[in-house]
$ cat structure.pdb   # PDB, C-alpha atoms, pLDDT in the B column
ATOM      1  CA  MET A   1      -7.966 -47.625  50.058  1.00 64.00           C
ATOM      2  CA  LYS A   2      -7.744 -46.942  46.337  1.00 71.00           C
ATOM      3  CA  LYS A   3     -10.816 -49.105  45.677  1.00 77.00           C
ATOM      4  CA  ASN A   4     -12.877 -47.189  48.235  1.00 86.00           C
ATOM      5  CA  LEU A   5     -11.738 -43.868  46.813  1.00 88.00           C
ATOM      6  CA  MET A   6     -12.653 -45.025  43.280  1.00 89.00           C
ATOM      7  CA  SER A   7     -16.052 -46.228  44.507  1.00 91.00           C
ATOM      8  CA  VAL A   8     -16.728 -42.857  46.121  1.00 92.00           C
ATOM      9  CA  LEU A   9     -15.618 -41.056  42.965  1.00 92.00           C
ATOM     10  CA  ILE A  10     -17.882 -43.240  40.779  1.00 93.00           C
ATOM     11  CA  LEU A  11     -20.816 -42.698  43.161  1.00 94.00           C
ATOM     12  CA  ALA A  12     -20.245 -38.932  43.063  1.00 95.00           C
ATOM     13  CA  LEU A  13     -20.160 -38.957  39.252  1.00 96.00           C
ATOM     14  CA  VAL A  14     -23.378 -41.028  39.105  1.00 96.00           C
ATOM     15  CA  LEU A  15     -25.111 -38.553  41.427  1.00 96.00           C
ATOM     16  CA  VAL A  16     -23.868 -35.569  39.397  1.00 96.00           C
ATOM     17  CA  ASN A  17     -25.028 -37.273  36.197  1.00 95.00           C
ATOM     18  CA  THR A  18     -28.479 -37.962  37.683  1.00 95.00           C
ATOM     19  CA  ILE A  19     -28.836 -34.383  38.897  1.00 95.00           C
ATOM     20  CA  LEU A  20     -27.771 -32.930  35.528  1.00 93.00           C
ATOM     21  CA  THR A  21     -30.193 -35.265  33.709  1.00 92.00           C
ATOM     22  CA  ALA A  22     -33.051 -34.119  35.959  1.00 92.00           C
ATOM     23  CA  ILE A  23     -32.156 -30.453  35.411  1.00 91.00           C
ATOM     24  CA  MET A  24     -31.989 -30.983  31.668  1.00 88.00           C
ATOM     25  CA  ALA A  25     -35.360 -32.760  31.640  1.00 87.00           C
ATOM     26  CA  ILE A  26     -36.937 -29.978  33.687  1.00 89.00           C
ATOM     27  CA  ALA A  27     -35.552 -27.390  31.276  1.00 87.00           C
ATOM     28  CA  ILE A  28     -36.474 -29.221  28.049  1.00 87.00           C
ATOM     29  CA  VAL A  29     -40.022 -30.472  28.768  1.00 83.00           C
ATOM     30  CA  PRO A  30     -41.652 -26.995  29.074  1.00 84.00           C
ATOM     31  CA  GLN A  31     -39.878 -25.820  25.915  1.00 86.00           C
ATOM     32  CA  THR A  32     -41.126 -28.892  24.067  1.00 86.00           C
ATOM     33  CA  LYS A  33     -44.694 -28.194  25.210  1.00 85.00           C
ATOM     34  CA  LYS A  34     -44.383 -24.590  24.045  1.00 86.00           C
ATOM     35  CA  SER A  35     -43.068 -25.760  20.678  1.00 87.00           C
ATOM     36  CA  ASN A  36     -46.016 -28.144  20.290  1.00 85.00           C
ATOM     37  CA  GLU A  37     -48.464 -25.329  21.124  1.00 85.00           C
ATOM     38  CA  LEU A  38     -46.779 -23.109  18.538  1.00 86.00           C
ATOM     39  CA  VAL A  39     -46.998 -25.806  15.856  1.00 84.00           C
ATOM     40  CA  ASN A  40     -50.690 -26.385  16.673  1.00 81.00           C
ATOM     41  CA  SER A  41     -51.504 -22.675  16.523  1.00 81.00           C
ATOM     42  CA  VAL A  42     -49.694 -22.276  13.191  1.00 81.00           C
ATOM     43  CA  ALA A  43     -51.455 -25.363  11.814  1.00 76.00           C
ATOM     44  CA  SER A  44     -54.846 -24.039  12.898  1.00 74.00           C
ATOM     45  CA  ALA A  45     -54.039 -20.640  11.411  1.00 73.00           C
ATOM     46  CA  ILE A  46     -53.485 -22.224   8.020  1.00 76.00           C
ATOM     47  CA  LYS A  47     -56.445 -24.556   8.543  1.00 62.00           C
ATOM     48  CA  LEU A  48     -54.588 -27.823   8.878  1.00 56.00           C
ATOM     49  CA  GLU A  49     -55.642 -30.526  11.243  1.00 53.00           C
ATOM     50  CA  MET A  50     -53.225 -32.901  12.838  1.00 49.00           C
ATOM     51  CA  ASN A  51     -55.704 -35.813  12.689  1.00 48.00           C
ATOM     52  CA  GLY A  52     -56.763 -35.160   9.103  1.00 48.00           C
ATOM     53  CA  ASP A  53     -59.675 -33.120   7.853  1.00 48.00           C
ATOM     54  CA  SER A  54     -63.259 -34.053   7.163  1.00 45.00           C
ATOM     55  CA  SER A  55     -62.751 -34.112   3.394  1.00 45.00           C
ATOM     56  CA  ALA A  56     -60.378 -37.048   3.911  1.00 46.00           C
ATOM     57  CA  LYS A  57     -63.353 -39.022   5.249  1.00 47.00           C
ATOM     58  CA  ALA A  58     -64.953 -39.068   1.803  1.00 48.00           C
ATOM     59  CA  THR A  59     -61.884 -40.740   0.343  1.00 52.00           C
ATOM     60  CA  SER A  60     -61.758 -43.290   3.170  1.00 75.00           C
ATOM     61  CA  VAL A  61     -65.308 -44.457   2.406  1.00 77.00           C
ATOM     62  CA  PRO A  62     -65.360 -47.049  -0.381  1.00 81.00           C
ATOM     63  CA  MET A  63     -67.209 -45.983  -3.529  1.00 83.00           C
ATOM     64  CA  ASP A  64     -69.800 -48.733  -3.164  1.00 80.00           C
ATOM     65  CA  GLN A  65     -70.839 -47.220   0.181  1.00 81.00           C
ATOM     66  CA  ILE A  66     -71.349 -43.689  -1.150  1.00 85.00           C
ATOM     67  CA  THR A  67     -74.823 -42.536  -2.090  1.00 83.00           C
ATOM     68  CA  THR A  68     -75.180 -39.151  -3.767  1.00 85.00           C
ATOM     69  CA  TYR A  69     -78.163 -36.840  -3.436  1.00 85.00           C
ATOM     70  CA  ASP A  70     -78.428 -33.924  -5.860  1.00 86.00           C
ATOM     71  CA  LEU A  71     -80.492 -30.996  -4.673  1.00 84.00           C
ATOM     72  CA  GLU A  72     -83.186 -30.512  -7.282  1.00 82.00           C
ATOM     73  CA  ASN A  73     -83.131 -26.746  -7.809  1.00 83.00           C
ATOM     74  CA  GLU A  74     -80.333 -24.391  -8.654  1.00 86.00           C
ATOM     75  CA  MET A  75     -79.758 -21.829  -5.936  1.00 87.00           C
ATOM     76  CA  THR A  76     -79.110 -18.144  -6.523  1.00 86.00           C
ATOM     77  CA  ILE A  77     -77.284 -16.709  -3.515  1.00 87.00           C
ATOM     78  CA  ASN A  78     -76.078 -13.164  -2.895  1.00 86.00           C
ATOM     79  CA  PHE A  79     -72.579 -12.822  -1.522  1.00 85.00           C
ATOM     80  CA  LYS A  80     -71.640 -10.666   1.423  1.00 83.00           C
ATOM     81  CA  PRO A  81     -70.622  -7.179   0.176  1.00 84.00           C
ATOM     82  CA  GLY A  82     -66.950  -7.038  -0.732  1.00 79.00           C
ATOM     83  CA  ASP A  83     -64.321  -4.319  -1.021  1.00 79.00           C
ATOM     84  CA  ASP A  84     -65.355  -3.313  -4.539  1.00 81.00           C
ATOM     85  CA  GLY A  85     -68.830  -2.159  -3.438  1.00 79.00           C
ATOM     86  CA  LYS A  86     -70.599  -4.147  -6.172  1.00 83.00           C
ATOM     87  CA  GLU A  87     -73.250  -6.749  -5.527  1.00 87.00           C
ATOM     88  CA  HIS A  88     -72.180 -10.248  -6.483  1.00 87.00           C
ATOM     89  CA  TYR A  89     -74.088 -13.504  -6.551  1.00 86.00           C
ATOM     90  CA  VAL A  90     -73.622 -17.148  -7.384  1.00 87.00           C
ATOM     91  CA  VAL A  91     -75.880 -19.639  -9.109  1.00 89.00           C
ATOM     92  CA  LEU A  92     -74.991 -23.156  -8.044  1.00 88.00           C
ATOM     93  CA  LYS A  93     -76.322 -26.670  -8.012  1.00 90.00           C
ATOM     94  CA  ALA A  94     -75.225 -28.660  -4.981  1.00 88.00           C
ATOM     95  CA  SER A  95     -75.004 -32.338  -4.142  1.00 88.00           C
ATOM     96  CA  ILE A  96     -74.150 -34.251  -1.012  1.00 89.00           C
ATOM     97  CA  SER A  97     -72.432 -37.610  -0.706  1.00 88.00           C
ATOM     98  CA  MET A  98     -73.458 -39.924   2.101  1.00 87.00           C
ATOM     99  CA  ASP A  99     -72.023 -43.080   3.639  1.00 85.00           C
ATOM    100  CA  ASN A 100     -74.894 -45.550   3.251  1.00 82.00           C
ATOM    101  CA  LYS A 101     -73.408 -47.899   5.887  1.00 84.00           C
ATOM    102  CA  SER A 102     -73.427 -45.206   8.584  1.00 81.00           C
ATOM    103  CA  ASP A 103     -75.951 -45.187  11.428  1.00 80.00           C
ATOM    104  CA  GLY A 104     -76.962 -41.634  10.535  1.00 79.00           C
ATOM    105  CA  TYR A 105     -77.806 -42.732   7.012  1.00 79.00           C
ATOM    106  CA  LYS A 106     -80.231 -45.276   8.419  1.00 80.00           C
ATOM    107  CA  ASP A 107     -81.959 -42.440  10.322  1.00 77.00           C
ATOM    108  CA  TYR A 108     -81.894 -39.674   7.684  1.00 77.00           C
ATOM    109  CA  GLY A 109     -80.635 -41.054   4.387  1.00 71.00           C
ATOM    110  CA  ALA A 110     -83.832 -42.496   2.982  1.00 71.00           C
ATOM    111  CA  GLY A 111     -85.768 -39.323   3.798  1.00 77.00           C
ATOM    112  CA  ILE A 112     -83.060 -36.855   2.810  1.00 80.00           C
ATOM    113  CA  ALA A 113     -85.302 -35.394   0.096  1.00 80.00           C
ATOM    114  CA  GLU A 114     -87.699 -34.275   2.835  1.00 82.00           C
ATOM    115  CA  LYS A 115     -84.832 -32.383   4.463  1.00 81.00           C
ATOM    116  CA  SER A 116     -83.733 -30.664   1.248  1.00 83.00           C
ATOM    117  CA  SER A 117     -85.112 -27.288   2.358  1.00 85.00           C
ATOM    118  CA  ILE A 118     -83.032 -27.477   5.555  1.00 87.00           C
ATOM    119  CA  ILE A 119     -79.942 -28.421   3.544  1.00 87.00           C
ATOM    120  CA  THR A 120     -80.625 -25.642   1.019  1.00 88.00           C
ATOM    121  CA  ASN A 121     -81.028 -23.132   3.847  1.00 89.00           C
ATOM    122  CA  GLU A 122     -77.713 -24.196   5.407  1.00 90.00           C
ATOM    123  CA  ILE A 123     -75.907 -23.896   2.067  1.00 89.00           C
ATOM    124  CA  ASN A 124     -77.478 -20.472   1.560  1.00 89.00           C
ATOM    125  CA  ASN A 125     -76.380 -19.297   5.024  1.00 89.00           C
ATOM    126  CA  VAL A 126     -72.790 -20.437   4.563  1.00 90.00           C
ATOM    127  CA  VAL A 127     -72.304 -19.164   1.005  1.00 88.00           C
ATOM    128  CA  SER A 128     -73.893 -15.784   1.790  1.00 88.00           C
ATOM    129  CA  SER A 129     -71.383 -15.294   4.619  1.00 89.00           C
ATOM    130  CA  TYR A 130     -68.544 -15.171   2.059  1.00 88.00           C
ATOM    131  CA  THR A 131     -67.568 -12.373  -0.270  1.00 87.00           C
ATOM    132  CA  TYR A 132     -67.206 -12.959  -4.001  1.00 86.00           C
ATOM    133  CA  GLU A 133     -63.409 -12.844  -3.712  1.00 86.00           C
ATOM    134  CA  GLU A 134     -63.305 -15.302  -0.801  1.00 86.00           C
ATOM    135  CA  PHE A 135     -65.583 -17.723  -2.616  1.00 85.00           C
ATOM    136  CA  ARG A 136     -63.574 -17.584  -5.833  1.00 86.00           C
ATOM    137  CA  SER A 137     -60.228 -17.976  -4.063  1.00 86.00           C
ATOM    138  CA  ASP A 138     -61.157 -20.939  -1.843  1.00 84.00           C
ATOM    139  CA  GLN A 139     -64.302 -22.752  -2.918  1.00 86.00           C
ATOM    140  CA  GLN A 140     -63.183 -25.887  -1.071  1.00 89.00           C
ATOM    141  CA  ALA A 141     -63.264 -24.014   2.250  1.00 89.00           C
ATOM    142  CA  VAL A 142     -66.909 -23.113   1.573  1.00 89.00           C
ATOM    143  CA  GLN A 143     -67.741 -26.749   0.837  1.00 90.00           C
ATOM    144  CA  ASP A 144     -65.893 -27.890   3.969  1.00 90.00           C
ATOM    145  CA  GLU A 145     -67.775 -25.386   6.134  1.00 90.00           C
ATOM    146  CA  ILE A 146     -71.106 -26.515   4.648  1.00 90.00           C
ATOM    147  CA  LEU A 147     -70.122 -30.138   5.349  1.00 90.00           C
ATOM    148  CA  LYS A 148     -69.180 -29.337   8.935  1.00 91.00           C
ATOM    149  CA  ASN A 149     -72.436 -27.429   9.515  1.00 89.00           C
ATOM    150  CA  LEU A 150     -74.548 -30.230   8.019  1.00 88.00           C
ATOM    151  CA  GLN A 151     -72.798 -32.814  10.190  1.00 87.00           C
ATOM    152  CA  VAL A 152     -73.578 -30.685  13.242  1.00 88.00           C
ATOM    153  CA  LEU A 153     -77.154 -30.107  12.058  1.00 87.00           C
ATOM    154  CA  PHE A 154     -77.854 -33.829  11.600  1.00 84.00           C
ATOM    155  CA  ASP A 155     -75.682 -34.745  14.609  1.00 84.00           C
ATOM    156  CA  SER A 156     -74.006 -37.414  12.503  1.00 82.00           C
ATOM    157  CA  ASP A 157     -71.132 -37.817  10.085  1.00 82.00           C
ATOM    158  CA  PHE A 158     -73.044 -39.822   7.471  1.00 84.00           C
ATOM    159  CA  ILE A 159     -72.639 -36.891   5.076  1.00 86.00           C
ATOM    160  CA  VAL A 160     -69.056 -37.264   3.884  1.00 88.00           C
ATOM    161  CA  SER A 161     -68.778 -34.493   1.297  1.00 88.00           C
ATOM    162  CA  VAL A 162     -70.558 -31.552  -0.278  1.00 88.00           C
ATOM    163  CA  GLY A 163     -69.983 -30.664  -3.898  1.00 87.00           C
ATOM    164  CA  PHE A 164     -71.108 -28.089  -6.422  1.00 86.00           C
ATOM    165  CA  SER A 165     -71.933 -29.713  -9.748  1.00 83.00           C
ATOM    166  CA  SER A 166     -72.283 -26.340 -11.444  1.00 81.00           C
ATOM    167  CA  VAL A 167     -71.142 -22.912 -10.281  1.00 82.00           C
ATOM    168  CA  THR A 168     -71.651 -19.588 -12.013  1.00 81.00           C
ATOM    169  CA  SER A 169     -70.629 -16.532 -10.037  1.00 81.00           C
ATOM    170  CA  GLN A 170     -70.617 -12.886 -10.872  1.00 77.00           C
TER     171      GLN A 170
END

$ encode --input "structure.pdb" --output "structure tokens"
Amino acid sequence: MKKNLMSVLILALVLVNTILTAIMAIAIVPQTKKSNELVNSVASAIKLEMNGDSSAKATSVPMDQITTYDLENEMTINFKPGDDGKEHYVVLKASISMDNKSDGYKDYGAGIAEKSSIITNEINNVVSSYTYEEFRSDQQAVQDEILKNLQVLFDSDFIVSVGFSSVTSQ
């Protein structure tokens, strides 16, 4: 009789344990999802990416696979009007780095000089959308946006970085 009573007691405790585990899982999973959404929204607000950003691609490409193209002419670009009411501009010389082993490089890389006016126009559009203060405070963000736009424009990621070899802003 005692063995049967102990077996029933153990079975009851196993069932209670299973039910409490299920309740705990049901209560914790939605909170975990909400926490993940919060972390993702905070990361996107401060411009972090969980899978790494596009500028990390340039460092993952070996140096012997990188081909650099310097745009021939310096560009003078007006900034978007800022809070101070003054007109500001930048004079810059840009260059792009390309992965010469990429499929996109095979399509566009050899004739990139022919596309320099398109690249110059894209750089002009991006830089002119920034104010003087924004440009001075985060020049890397401008370069990253240009890179992203060029990758979309060429529908390829053979361009791995955009750089400014000389920058004079006023």

$ closest_residue --input "structure.pdb" --among "A:Ala27, A:Val16, A:Ile159, A:Ile123" --to "Lys93 (chain A)" --atoms "only C-alpha atoms"
A:Ile123

$ resolve_selection --input "structure.pdb" --expression "the PyMOL selection byres ((chain A and resi 141) around 12)" --output "list in words"
Ile46, Lys47, Leu48, Asp53, Ser54, Ser55, Val126, Val127, Tyr130, Glu134, Phe135, Arg136, Ser137, Asp138, Gln139, Gln140, Val142, Gln143, Asp144, Glu145, Ile146, Leu147, Lys148, Ser161, Val162 and Gly163 of chain A

$ write_last_selection --input "structure.pdb" --atoms "C-alpha atoms" --output "PDB file, in the frame of the given file"
ATOM      1  CA  ILE A  46     -53.485 -22.224   8.020  1.00 76.00           C
ATOM      2  CA  LYS A  47     -56.445 -24.556   8.543  1.00 62.00           C
ATOM      3  CA  LEU A  48     -54.588 -27.823   8.878  1.00 56.00           C
ATOM      4  CA  ASP A  53     -59.675 -33.120   7.853  1.00 48.00           C
ATOM      5  CA  SER A  54     -63.259 -34.053   7.163  1.00 45.00           C
ATOM      6  CA  SER A  55     -62.751 -34.112   3.394  1.00 45.00           C
ATOM      7  CA  VAL A 126     -72.790 -20.437   4.563  1.00 90.00           C
ATOM      8  CA  VAL A 127     -72.304 -19.164   1.005  1.00 88.00           C
ATOM      9  CA  TYR A 130     -68.544 -15.171   2.059  1.00 88.00           C
ATOM     10  CA  GLU A 134     -63.305 -15.302  -0.801  1.00 86.00           C
ATOM     11  CA  PHE A 135     -65.583 -17.723  -2.616  1.00 85.00           C
ATOM     12  CA  ARG A 136     -63.574 -17.584  -5.833  1.00 86.00           C
ATOM     13  CA  SER A 137     -60.228 -17.976  -4.063  1.00 86.00           C
ATOM     14  CA  ASP A 138     -61.157 -20.939  -1.843  1.00 84.00           C
ATOM     15  CA  GLN A 139     -64.302 -22.752  -2.918  1.00 86.00           C
ATOM     16  CA  GLN A 140     -63.183 -25.887  -1.071  1.00 89.00           C
ATOM     17  CA  VAL A 142     -66.909 -23.113   1.573  1.00 89.00           C
ATOM     18  CA  GLN A 143     -67.741 -26.749   0.837  1.00 90.00           C
ATOM     19  CA  ASP A 144     -65.893 -27.890   3.969  1.00 90.00           C
ATOM     20  CA  GLU A 145     -67.775 -25.386   6.134  1.00 90.00           C
ATOM     21  CA  ILE A 146     -71.106 -26.515   4.648  1.00 90.00           C
ATOM     22  CA  LEU A 147     -70.122 -30.138   5.349  1.00 90.00           C
ATOM     23  CA  LYS A 148     -69.180 -29.337   8.935  1.00 91.00           C
ATOM     24  CA  SER A 161     -68.778 -34.493   1.297  1.00 88.00           C
ATOM     25  CA  VAL A 162     -70.558 -31.552  -0.278  1.00 88.00           C
ATOM     26  CA  GLY A 163     -69.983 -30.664  -3.898  1.00 87.00           C
TER      27      GLY A 163
END

$ atom_distance --input "structure.pdb" --atom1 "CA of Asp84 (chain A)" --atom2 "CA of Glu122 (chain A)"
26.2 Å

$ resolve_selection --input "structure.pdb" --expression "the PyMOL selection byres ((chain A and resi 73) around 12)" --output "ChimeraX atom specification"
/A:70-72,74-76,91-95,113,116-117,119-120,165-166

$ write_last_selection --input "structure.pdb" --atoms "C-alpha atoms" --output "PDB file, in the coordinates of the input"
ATOM      1  CA  ASP A  70     -78.428 -33.924  -5.860  1.00 86.00           C
ATOM      2  CA  LEU A  71     -80.492 -30.996  -4.673  1.00 84.00           C
ATOM      3  CA  GLU A  72     -83.186 -30.512  -7.282  1.00 82.00           C
ATOM      4  CA  GLU A  74     -80.333 -24.391  -8.654  1.00 86.00           C
ATOM      5  CA  MET A  75     -79.758 -21.829  -5.936  1.00 87.00           C
ATOM      6  CA  THR A  76     -79.110 -18.144  -6.523  1.00 86.00           C
ATOM      7  CA  VAL A  91     -75.880 -19.639  -9.109  1.00 89.00           C
ATOM      8  CA  LEU A  92     -74.991 -23.156  -8.044  1.00 88.00           C
ATOM      9  CA  LYS A  93     -76.322 -26.670  -8.012  1.00 90.00           C
ATOM     10  CA  ALA A  94     -75.225 -28.660  -4.981  1.00 88.00           C
ATOM     11  CA  SER A  95     -75.004 -32.338  -4.142  1.00 88.00           C
ATOM     12  CA  ALA A 113     -85.302 -35.394   0.096  1.00 80.00           C
ATOM     13  CA  SER A 116     -83.733 -30.664   1.248  1.00 83.00           C
ATOM     14  CA  SER A 117     -85.112 -27.288   2.358  1.00 85.00           C
ATOM     15  CA  ILE A 119     -79.942 -28.421   3.544  1.00 87.00           C
ATOM     16  CA  THR A 120     -80.625 -25.642   1.019  1.00 88.00           C
ATOM     17  CA  SER A 165     -71.933 -29.713  -9.748  1.00 83.00           C
ATOM     18  CA  SER A 166     -72.283 -26.340 -11.444  1.00 81.00           C
TER      19      SER A 166
END

$ closest_residue --input "structure.pdb" --among "A:Ile112, A:Met24, A:Ile118, A:Leu9" --to "Ser97 (chain A)" --atoms "only C-alpha atoms"
A:Ile112

$ closest_residue --input "structure.pdb" --among "A:Glu114, A:Glu87, A:Glu37, A:Asp103" --to "Asp155 (chain A)" --atoms "all atoms listed in the file"
A:Asp103
